[in-house]
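Enquirer: Below you'll find run.cif; it's mmCIF, C-alpha atoms.
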```cif
data_upload
loop_
_atom_site.group_PDB
_atom_site.id
_atom_site.type_symbol
_atom_site.label_atom_id
_atom_site.label_comp_id
_atom_site.auth_asym_id
_atom_site.auth_seq_id
_atom_site.Cartn_x
_atom_site.Cartn_y
_atom_site.Cartn_z
ATOM 1 C CA MET A 1 -16.041 3.392 12.006
ATOM 2 C CA LYS A 2 -18.522 2.387 14.685
ATOM 3 C CA TRP A 3 -16.098 -0.127 16.171
ATOM 4 C CA LEU A 4 -13.541 2.642 16.667
ATOM 5 C CA ASP A 5 -16.109 4.919 18.295
ATOM 6 C CA LYS A 6 -16.992 2.148 20.753
ATOM 7 C CA LEU A 7 -13.305 1.567 21.440
ATOM 8 C CA GLU A 8 -12.790 5.265 22.091
ATOM 9 C CA ARG A 9 -15.684 5.396 24.541
ATOM 10 C CA LYS A 10 -14.103 2.599 26.593
ATOM 11 C CA PHE A 11 -10.398 3.398 26.307
ATOM 12 C CA GLY A 12 -10.368 6.967 24.977
ATOM 13 C CA LYS A 13 -8.092 8.228 27.756
ATOM 14 C CA ILE A 14 -5.323 5.759 26.931
ATOM 15 C CA TYR A 15 -3.052 7.210 24.264
ATOM 16 C CA ILE A 16 0.341 8.805 23.741
ATOM 17 C CA PRO A 17 -0.105 12.584 23.392
ATOM 18 C CA ASN A 18 1.695 14.269 20.504
ATOM 19 C CA LEU A 19 2.612 10.862 19.110
ATOM 20 C CA MET A 20 3.823 12.128 15.741
ATOM 21 C CA LEU A 21 6.034 14.752 17.353
ATOM 22 C CA THR A 22 7.542 12.034 19.551
ATOM 23 C CA VAL A 23 8.209 9.728 16.594
ATOM 24 C CA ILE A 24 9.781 12.478 14.479
ATOM 25 C CA GLY A 25 11.802 13.758 17.435
ATOM 26 C CA LEU A 26 13.284 10.332 18.225
ATOM 27 C CA SER A 27 13.963 9.719 14.526
ATOM 28 C CA ALA A 28 15.837 13.027 14.379
ATOM 29 C CA VAL A 29 17.883 12.027 17.433
ATOM 30 C CA VAL A 30 18.786 8.726 15.761
ATOM 31 C CA TYR A 31 19.842 10.571 12.614
ATOM 32 C CA ILE A 32 21.979 13.097 14.527
ATOM 33 C CA ILE A 33 23.711 10.388 16.582
ATOM 34 C CA THR A 34 24.370 7.952 13.732
ATOM 35 C CA PHE A 35 25.194 10.370 10.912
ATOM 36 C CA VAL A 36 26.309 13.683 12.455
ATOM 37 C CA ILE A 37 28.101 12.449 15.582
ATOM 38 C CA LEU A 38 29.238 8.926 14.699
ATOM 39 C CA GLY A 39 29.350 9.566 10.955
ATOM 40 C CA ASN A 40 28.136 6.085 10.077
ATOM 41 C CA LEU A 41 24.582 5.182 9.143
ATOM 42 C CA GLY A 42 25.527 1.520 9.516
ATOM 43 C CA TYR A 43 24.624 1.720 13.196
ATOM 44 C CA ILE A 44 21.000 2.031 12.151
ATOM 45 C CA ASN A 45 21.108 -1.689 11.285
ATOM 46 C CA LYS A 46 21.019 -2.331 15.022
ATOM 47 C CA LEU A 47 17.578 -0.691 15.156
ATOM 48 C CA ILE A 48 15.899 -2.274 12.130
ATOM 49 C CA LEU A 49 13.364 -5.024 12.784
ATOM 50 C CA TYR A 50 15.092 -8.309 11.933
ATOM 51 C CA PRO A 51 12.933 -11.231 13.151
ATOM 52 C CA GLY A 52 15.949 -13.510 13.601
ATOM 53 C CA TYR A 53 17.777 -11.031 15.838
ATOM 54 C CA VAL A 54 14.626 -10.441 17.883
ATOM 55 C CA MET A 55 14.332 -14.182 18.497
ATOM 56 C CA ASN A 56 17.942 -14.129 19.685
ATOM 57 C CA GLY A 57 17.120 -11.589 22.393
ATOM 58 C CA GLU A 58 17.374 -8.192 20.663
ATOM 59 C CA ILE A 59 13.804 -7.325 21.591
ATOM 60 C CA TRP A 60 14.411 -3.554 21.404
ATOM 61 C CA ARG A 61 14.051 -3.897 17.624
ATOM 62 C CA LEU A 62 10.291 -4.347 18.156
ATOM 63 C CA VAL A 63 10.203 -0.635 19.031
ATOM 64 C CA THR A 64 13.263 0.991 17.514
ATOM 65 C CA PHE A 65 12.277 0.131 13.926
ATOM 66 C CA LEU A 66 9.677 2.912 14.256
ATOM 67 C CA PHE A 67 12.415 5.542 14.540
ATOM 68 C CA ILE A 68 14.514 4.799 11.458
ATOM 69 C CA PRO A 69 15.273 8.191 9.838
ATOM 70 C CA PRO A 70 15.586 8.851 6.070
ATOM 71 C CA LEU A 71 18.843 7.248 4.937
ATOM 72 C CA SER A 72 20.307 10.277 3.191
ATOM 73 C CA GLY A 73 23.421 12.324 3.718
ATOM 74 C CA ASN A 74 21.636 15.451 2.505
ATOM 75 C CA ILE A 75 20.404 17.176 5.669
ATOM 76 C CA LEU A 76 18.009 19.383 3.672
ATOM 77 C CA ILE A 77 16.235 16.364 2.191
ATOM 78 C CA VAL A 78 16.041 14.755 5.620
ATOM 79 C CA ALA A 79 14.615 17.941 7.163
ATOM 80 C CA ILE A 80 11.986 18.267 4.422
ATOM 81 C CA THR A 81 11.029 14.596 4.834
ATOM 82 C CA PHE A 82 10.682 15.003 8.601
ATOM 83 C CA TYR A 83 8.556 18.119 8.163
ATOM 84 C CA PHE A 84 6.261 16.455 5.614
ATOM 85 C CA GLN A 85 5.791 13.400 7.842
ATOM 86 C CA TYR A 86 5.120 15.627 10.837
ATOM 87 C CA PHE A 87 2.605 17.737 8.911
ATOM 88 C CA ILE A 88 0.676 14.671 7.732
ATOM 89 C CA GLY A 89 0.675 13.077 11.176
ATOM 90 C CA VAL A 90 -0.374 16.210 13.069
ATOM 91 C CA THR A 91 -3.145 16.933 10.549
ATOM 92 C CA LEU A 92 -4.533 13.414 11.009
ATOM 93 C CA GLU A 93 -4.262 13.795 14.791
ATOM 94 C CA ARG A 94 -6.376 16.942 14.626
ATOM 95 C CA GLU A 95 -8.869 15.367 12.242
ATOM 96 C CA TRP A 96 -9.373 12.121 14.171
ATOM 97 C CA GLY A 97 -8.324 13.029 17.679
ATOM 98 C CA GLU A 98 -5.220 11.670 19.363
ATOM 99 C CA PHE A 99 -6.775 8.368 20.456
ATOM 100 C CA LYS A 100 -7.898 7.344 16.960
ATOM 101 C CA PHE A 101 -4.601 8.469 15.495
ATOM 102 C CA ASN A 102 -2.767 6.311 18.047
ATOM 103 C CA VAL A 103 -4.911 3.341 17.063
ATOM 104 C CA TYR A 104 -4.172 3.862 13.358
ATOM 105 C CA PHE A 105 -0.441 4.243 13.959
ATOM 106 C CA PHE A 106 -0.040 1.252 16.269
ATOM 107 C CA VAL A 107 -2.289 -1.010 14.187
ATOM 108 C CA GLY A 108 0.151 -0.280 11.365
ATOM 109 C CA ALA A 109 3.072 -1.048 13.679
ATOM 110 C CA VAL A 110 1.571 -4.371 14.820
ATOM 111 C CA CYS A 111 0.773 -5.338 11.208
ATOM 112 C CA THR A 112 4.362 -4.570 10.236
ATOM 113 C CA ILE A 113 5.725 -6.745 13.053
ATOM 114 C CA ILE A 114 3.407 -9.666 12.265
ATOM 115 C CA VAL A 115 4.128 -9.617 8.529
ATOM 116 C CA SER A 116 7.860 -9.220 9.170
ATOM 117 C CA PHE A 117 7.860 -12.398 11.275
ATOM 118 C CA LEU A 118 5.620 -14.268 8.827
ATOM 119 C CA THR A 119 7.838 -13.438 5.870
ATOM 120 C CA ASN A 120 11.130 -13.288 7.805
ATOM 121 C CA MET A 121 11.875 -9.975 6.091
ATOM 122 C CA PRO A 122 13.452 -6.900 7.772
ATOM 123 C CA ALA A 123 11.209 -3.909 8.348
ATOM 124 C CA THR A 124 11.354 -0.208 9.172
ATOM 125 C CA GLY A 125 8.600 2.304 9.834
ATOM 126 C CA SER A 126 8.280 3.168 6.127
ATOM 127 C CA ALA A 127 5.117 1.078 5.746
ATOM 128 C CA ILE A 128 3.449 3.032 8.568
ATOM 129 C CA THR A 129 4.528 6.326 7.010
ATOM 130 C CA LEU A 130 3.027 5.250 3.682
ATOM 131 C CA SER A 131 -0.235 4.232 5.349
ATOM 132 C CA LEU A 132 -0.418 7.686 6.994
ATOM 133 C CA PHE A 133 0.114 9.231 3.577
ATOM 134 C CA LEU A 134 -2.703 7.129 2.074
ATOM 135 C CA ALA A 135 -5.029 8.200 4.879
ATOM 136 C CA PHE A 136 -4.150 11.871 4.358
ATOM 137 C CA ALA A 137 -4.759 11.611 0.604
ATOM 138 C CA LYS A 138 -8.115 9.941 1.296
ATOM 139 C CA LEU A 139 -9.299 12.602 3.772
ATOM 140 C CA PHE A 140 -7.824 15.659 2.034
ATOM 141 C CA PRO A 141 -7.739 14.816 -1.701
ATOM 142 C CA GLU A 142 -7.942 18.457 -2.828
ATOM 143 C CA TYR A 143 -5.142 19.712 -0.579
ATOM 144 C CA THR A 144 -2.391 21.177 -2.744
ATOM 145 C CA ILE A 145 1.324 21.063 -2.037
ATOM 146 C CA LEU A 146 4.253 22.507 -3.953
ATOM 147 C CA LEU A 147 6.259 19.603 -5.291
ATOM 148 C CA PHE A 148 9.946 20.561 -5.264
ATOM 149 C CA PHE A 149 8.675 23.971 -3.988
ATOM 150 C CA ILE A 150 7.577 24.770 -7.554
ATOM 151 C CA LEU A 151 4.939 22.437 -9.002
ATOM 152 C CA PRO A 152 1.481 22.593 -7.357
ATOM 153 C CA ILE A 153 -0.081 19.154 -7.117
ATOM 154 C CA ARG A 154 -3.141 17.857 -5.321
ATOM 155 C CA MET A 155 -2.823 15.121 -2.728
ATOM 156 C CA LYS A 156 -5.206 12.817 -4.567
ATOM 157 C CA TRP A 157 -2.729 12.515 -7.455
ATOM 158 C CA LEU A 158 0.100 11.709 -5.069
ATOM 159 C CA GLY A 159 -2.245 9.201 -3.453
ATOM 160 C CA TYR A 160 -2.861 7.542 -6.830
ATOM 161 C CA LEU A 161 0.905 7.441 -7.346
ATOM 162 C CA ALA A 162 1.353 5.759 -3.969
ATOM 163 C CA TRP A 163 -1.258 3.137 -4.819
ATOM 164 C CA ALA A 164 0.397 2.582 -8.191
ATOM 165 C CA THR A 165 3.739 2.062 -6.441
ATOM 166 C CA ILE A 166 2.218 -0.564 -4.147
ATOM 167 C CA ALA A 167 0.580 -2.300 -7.109
ATOM 168 C CA LEU A 168 3.882 -2.274 -9.010
ATOM 169 C CA GLU A 169 5.725 -3.849 -6.079
ATOM 170 C CA CYS A 170 3.062 -6.564 -5.877
ATOM 171 C CA LEU A 171 3.331 -7.176 -9.628
ATOM 172 C CA LYS A 172 7.122 -7.439 -9.493
ATOM 173 C CA SER A 173 6.881 -9.931 -6.629
ATOM 174 C CA LEU A 174 4.197 -11.902 -8.473
ATOM 175 C CA LEU A 175 6.248 -12.131 -11.688
ATOM 176 C CA SER A 176 9.281 -13.307 -9.719
ATOM 177 C CA GLY A 177 7.197 -15.855 -7.815
ATOM 178 C CA ASN A 178 7.847 -14.137 -4.488
ATOM 179 C CA ILE A 179 4.521 -14.524 -2.691
ATOM 180 C CA LEU A 180 6.010 -13.302 0.577
ATOM 181 C CA GLY A 181 7.065 -10.114 -1.188
ATOM 182 C CA ILE A 182 3.447 -9.475 -2.172
ATOM 183 C CA ILE A 183 2.340 -9.855 1.446
ATOM 184 C CA PHE A 184 5.069 -7.495 2.634
ATOM 185 C CA ALA A 185 4.212 -4.903 -0.030
ATOM 186 C CA LEU A 186 0.606 -4.853 1.203
ATOM 187 C CA VAL A 187 1.496 -3.977 4.809
ATOM 188 C CA PRO A 188 0.657 -0.241 4.385
ATOM 189 C CA VAL A 189 -2.787 -1.207 3.102
ATOM 190 C CA LEU A 190 -3.852 -3.325 6.089
ATOM 191 C CA ASN A 191 -4.750 -0.628 8.603
ATOM 192 C CA TYR A 192 -5.946 1.615 5.764
ATOM 193 C CA ILE A 193 -8.519 -1.040 4.834
ATOM 194 C CA LEU A 194 -9.459 -1.435 8.495
ATOM 195 C CA PHE A 195 -10.225 2.290 8.747
ATOM 196 C CA PHE A 196 -11.543 3.085 5.261
ATOM 197 C CA GLY A 197 -12.599 -0.226 3.735
ATOM 198 C CA VAL A 198 -16.291 0.053 4.642
ATOM 199 C CA SER A 199 -16.602 3.715 3.642
ATOM 200 C CA ASN A 200 -14.769 3.080 0.356
ATOM 201 C CA TYR A 201 -17.156 0.221 -0.410
ATOM 202 C CA ARG A 202 -20.176 2.421 0.298
ATOM 203 C CA ASP A 203 -18.774 5.253 -1.836
ATOM 204 C CA THR A 204 -18.101 2.862 -4.718
ATOM 205 C CA LYS A 205 -21.602 1.402 -4.429
ATOM 206 C CA MET A 206 -23.171 4.872 -4.435
ATOM 207 C CA ARG A 207 -21.113 5.928 -7.467
ATOM 208 C CA SER A 208 -22.181 2.766 -9.292
ATOM 209 C CA LYS A 209 -25.830 3.507 -8.578
ATOM 210 C CA SER A 210 -25.369 7.095 -9.742
ATOM 211 C CA VAL A 211 -23.824 5.893 -12.997
ATOM 212 C CA ILE A 212 -26.724 3.478 -13.517
ATOM 213 C CA ARG A 213 -29.294 6.190 -12.799
ATOM 214 C CA MET A 214 -27.572 8.582 -15.189
ATOM 215 C CA SER A 215 -27.460 5.883 -17.858
ATOM 216 C CA ASP A 216 -31.188 5.184 -17.388
ATOM 217 C CA TYR A 217 -31.950 8.901 -17.544
ATOM 218 C CA ARG A 218 -30.051 9.338 -20.804
ATOM 219 C CA ARG A 219 -31.725 6.258 -22.306
ATOM 220 C CA ASP A 220 -35.177 7.534 -21.346
ATOM 221 C CA LEU A 221 -34.288 10.961 -22.728
ATOM 222 C CA LYS A 222 -33.342 9.465 -26.099
ATOM 223 C CA LYS A 223 -36.582 7.500 -26.187
ATOM 224 C CA ALA A 224 -38.516 10.677 -25.383
ATOM 225 C CA GLU A 225 -36.782 12.531 -28.210
ATOM 226 C CA LYS A 226 -37.855 9.811 -30.650
ATOM 227 C CA ARG A 227 -41.455 9.856 -29.386
ATOM 228 C CA GLY A 228 -41.628 13.618 -29.327
ATOM 229 C CA TYR A 229 -42.583 13.789 -25.647
ATOM 230 C CA ARG A 230 -41.277 12.699 -22.241
ATOM 231 C CA HIS A 231 -44.449 12.305 -20.148
ATOM 232 C CA LYS A 232 -47.882 11.058 -21.122
ATOM 233 C CA CYS A 233 -50.958 10.825 -18.898
ATOM 234 C CA THR A 234 -52.149 7.226 -18.641
ATOM 235 C CA VAL A 235 -55.799 8.365 -18.305
ATOM 236 C CA CYS A 236 -56.327 11.156 -20.845
ATOM 237 C CA GLY A 237 -53.239 10.741 -23.015
ATOM 238 C CA ILE A 238 -52.085 14.356 -22.810
ATOM 239 C CA THR A 239 -48.302 14.801 -23.136
ATOM 240 C CA ASP A 240 -45.822 17.462 -22.159
ATOM 241 C CA ALA A 241 -45.524 18.252 -25.869
ATOM 242 C CA ASP A 242 -49.263 19.091 -25.950
ATOM 243 C CA ASP A 243 -49.075 21.366 -22.899
ATOM 244 C CA LYS A 244 -45.651 22.503 -21.751
ATOM 245 C CA ASN A 245 -47.100 23.965 -18.540
ATOM 246 C CA MET A 246 -48.787 20.725 -17.503
ATOM 247 C CA LEU A 247 -47.258 18.994 -14.471
ATOM 248 C CA PHE A 248 -46.918 15.211 -14.500
ATOM 249 C CA ARG A 249 -46.460 12.800 -11.598
ATOM 250 C CA TYR A 250 -45.757 9.066 -11.388
ATOM 251 C CA CYS A 251 -47.941 7.017 -9.062
ATOM 252 C CA SER A 252 -46.022 4.829 -6.613
ATOM 253 C CA LYS A 253 -49.085 2.632 -6.002
ATOM 254 C CA CYS A 254 -49.512 1.690 -9.658
ATOM 255 C CA LYS A 255 -47.604 -1.309 -10.913
ATOM 256 C CA GLY A 256 -45.167 -0.247 -13.563
ATOM 257 C CA ASN A 257 -44.098 3.189 -14.737
ATOM 258 C CA HIS A 258 -47.326 5.159 -15.133
ATOM 259 C CA ALA A 259 -47.495 8.952 -15.405
ATOM 260 C CA TYR A 260 -50.544 11.105 -14.728
ATOM 261 C CA CYS A 261 -51.320 14.728 -15.416
ATOM 262 C CA GLU A 262 -52.166 17.045 -12.551
ATOM 263 C CA LYS A 263 -55.884 16.483 -13.203
ATOM 264 C CA HIS A 264 -55.715 12.716 -12.834
ATOM 265 C CA ILE A 265 -52.857 12.110 -10.365
ATOM 266 C CA HIS A 266 -55.420 11.983 -7.527
ATOM 267 C CA ASP A 267 -58.292 10.754 -9.665
ATOM 268 C CA HIS A 268 -57.468 7.435 -11.253
ATOM 269 C CA GLU A 269 -57.734 3.713 -10.605
ATOM 270 C CA HIS A 270 -54.484 2.131 -9.485
ATOM 271 C CA ILE A 271 -53.044 -0.373 -11.923
ATOM 272 C CA GLU A 272 -52.089 -3.633 -10.275
#
```
Could you render the structure from this file as structure tokens?
Expert:
Amino acid sequence: MKWLDKLERKFGKIYIPNLMLTVIGLSAVVYIITFVILGNLGYINKLILYPGYVMNGEIWRLVTFLFIPPLSGNILIVAITFYFQYFIGVTLEREWGEFKFNVYFFVGAVCTIIVSFLTNMPATGSAITLSLFLAFAKLFPEYTILLFFILPIRMKWLGYLAWATIALECLKSLLSGNILGIIFALVPVLNYILFFGVSNYRDTKMRSKSVIRMSDYRRDLKKAEKRGYRHKCTVCGITDADDKNMLFRYCSKCKGNHAYCEKHIHDHEHIE
């Protein structure tokens, strides 16, 4: 992420410290006020990002949608959700540094706002939370959590499940002809691609090359088994079957795939 490194060098001092703690804290306040004190989660509707209401002057929705708490009456579930979100966010903050984490978070927020206005669909901070989860699963695939406090499961499998959920939402929207729904379902992926797209492409390319090399190696090995040897000196014809202690090298200056024994690797005419 060279572009992000350059951005950090120029604006690295501009960020909100302890951003995840702030977001979780304000979300908890919203939950306490709306559910515990007022006893009605319906008030949260005044905080959700509705493009039409924003255009009518309710501009606070451009910020307050980030602090929508889990809509559950079970305080234990809400507390566990807050803790899990906080853990993921703080871990990413420590891994990236607070500036880069701020960029990731607010890129997700801006993408959510833009797509919400383009599709005219209401939005909360759930897409940003999901994008944080995808980033955590990418960086710490082998980290193990206890699902339901009992079942140990690695983050990479939960990451695959999250990707499958996004793909399923896109498929449902596609089958129903709801193109805008597909766009909205892809919101969590936008800043993820911005941060990890290049590295994922490089990893995939390297894995593809490794698979090809392994396939070539196995093919050559099968051919060698049929011939009865793997290496044969182009000059004298000795093979590794004739002398198991003989070392063979392939000349990079010769055109083609030519092997030479240790006696002729430095004493042969290059084949052009």
Enquirer: The PyMOL selection byres ((chain A and resi 25) around 12) - which residues does that actually catch in the file I just gave you? List them as a ChimeraX atom specification.
Expert: /A:18-24,26-32,66-69,79,82-83,85-86
Enquirer: Check the smallest atom-to-atom distance from each of A:Leu47, A:Ile14, A:Val54, A:Ala259 to Glu98 in chain A using only C-alpha atoms, then report the winner.
Expert: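 Going through A:Leu47, A:Ile14, A:Val54, A:Ala259 one by one, the smallest distance to Glu98 in chain A is for A:Ile14.
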Enquirer: At what distance in Å, to one decimal, does CA of Ile182 in chain A lie from CA of Gly108 in chain A?
Expert: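 Spanning CA of Gly108 in chain A to CA of Ile182 in chain A is a straight-line distance of 16.7 Å.
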Enquirer: Which residues are close to Gly97 in chain A, i.e. within 12 Å by all atoms listed in the file, leaving aside same-chain residues fewer than 3 positions away? Reply as a VMD selection string.
Expert: chain A and resid 4 to 5 8 12 to 13 15 to 19 89 to 94 100 to 104
Enquirer: Would you compute the distance between CA of Lys253 in chain A and CA of Thr239 in chain A? Give it in Å to one decimal.
Expert: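 Interatomic distance here is 21.0 Å.
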Enquirer: From the list A:Tyr50, A:Trp96, A:Phe248, A:Tyr260, which residue is nearest Cys236 in chain A when using all atoms listed in the file?
Expert: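 Smallest separation from Cys236 in chain A among the options: A:Tyr260.
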Enquirer: Kindly indicate which residue among A:Cys170, A:Leu158, A:Val78, A:Ile44 lies nearest to Ala135 in chain A, using only C-alpha atoms for the distances.
Expert: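 Residue with the minimum atom-to-atom distance to Ala135 in chain A: A:Leu158.
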Enquirer: Using the chain letters and residue numbers of this document, give as a PDB file with C-alpha atoms, keeping the file's coordinate frame the residues selected by the PyMOL selection byres ((chain A and resi 163) around 12).
Expert:
```pdb
ATOM      1  CA  LEU A 130       3.027   5.250   3.682  1.00  0.00           C
ATOM      2  CA  SER A 131      -0.235   4.232   5.349  1.00  0.00           C
ATOM      3  CA  PHE A 133       0.114   9.231   3.577  1.00  0.00           C
ATOM      4  CA  LEU A 134      -2.703   7.129   2.074  1.00  0.00           C
ATOM      5  CA  ALA A 135      -5.029   8.200   4.879  1.00  0.00           C
ATOM      6  CA  ALA A 137      -4.759  11.611   0.604  1.00  0.00           C
ATOM      7  CA  LYS A 138      -8.115   9.941   1.296  1.00  0.00           C
ATOM      8  CA  LYS A 156      -5.206  12.817  -4.567  1.00  0.00           C
ATOM      9  CA  TRP A 157      -2.729  12.515  -7.455  1.00  0.00           C
ATOM     10  CA  LEU A 158       0.100  11.709  -5.069  1.00  0.00           C
ATOM     11  CA  GLY A 159      -2.245   9.201  -3.453  1.00  0.00           C
ATOM     12  CA  TYR A 160      -2.861   7.542  -6.830  1.00  0.00           C
ATOM     13  CA  LEU A 161       0.905   7.441  -7.346  1.00  0.00           C
ATOM     14  CA  ALA A 162       1.353   5.759  -3.969  1.00  0.00           C
ATOM     15  CA  ALA A 164       0.397   2.582  -8.191  1.00  0.00           C
ATOM     16  CA  THR A 165       3.739   2.062  -6.441  1.00  0.00           C
ATOM     17  CA  ILE A 166       2.218  -0.564  -4.147  1.00  0.00           C
ATOM     18  CA  ALA A 167       0.580  -2.300  -7.109  1.00  0.00           C
ATOM     19  CA  LEU A 168       3.882  -2.274  -9.010  1.00  0.00           C
ATOM     20  CA  GLU A 169       5.725  -3.849  -6.079  1.00  0.00           C
ATOM     21  CA  CYS A 170       3.062  -6.564  -5.877  1.00  0.00           C
ATOM     22  CA  ALA A 185       4.212  -4.903  -0.030  1.00  0.00           C
ATOM     23  CA  LEU A 186       0.606  -4.853   1.203  1.00  0.00           C
ATOM     24  CA  PRO A 188       0.657  -0.241   4.385  1.00  0.00           C
ATOM     25  CA  VAL A 189      -2.787  -1.207   3.102  1.00  0.00           C
ATOM     26  CA  TYR A 192      -5.946   1.615   5.764  1.00  0.00           C
TER      27      TYR A 192
END
```
Enquirer: Find, counting only C-alpha atoms, the residue in A:His231, A:Ser72, A:Phe11, A:Pro141 that gets nearest to Gly39 in chain A.
Expert: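 The answer is A:Ser72, which sits nearest to Gly39 in chain A.
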Enquirer: At what distance in Å, to one decimal, does CA of Cys261 in chain A lie from CA of Met246 in chain A?
Expert: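 If I compute the distance from CA of Met246 in chain A to CA of Cys261 in chain A, I get 6.8 Å.
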Enquirer: Could you tell me, as a ChimeraX atom specification, exactly which residues end up selected when the PyMOL selection byres ((chain A and resi 144) around 7) is applied to this structure?
Expert: /A:142-143,145-146,152-155
Enquirer: Go through A:Phe136, A:Tyr250, A:Trp60, A:Phe196 one by one, measure the shortest atom-to-atom distance of each to Cys233 in chain A using all atoms listed in the file, and give the residue with the smallest value.
Expert: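 Using all atoms listed in the file, Cys233 in chain A sits closest to A:Tyr250.
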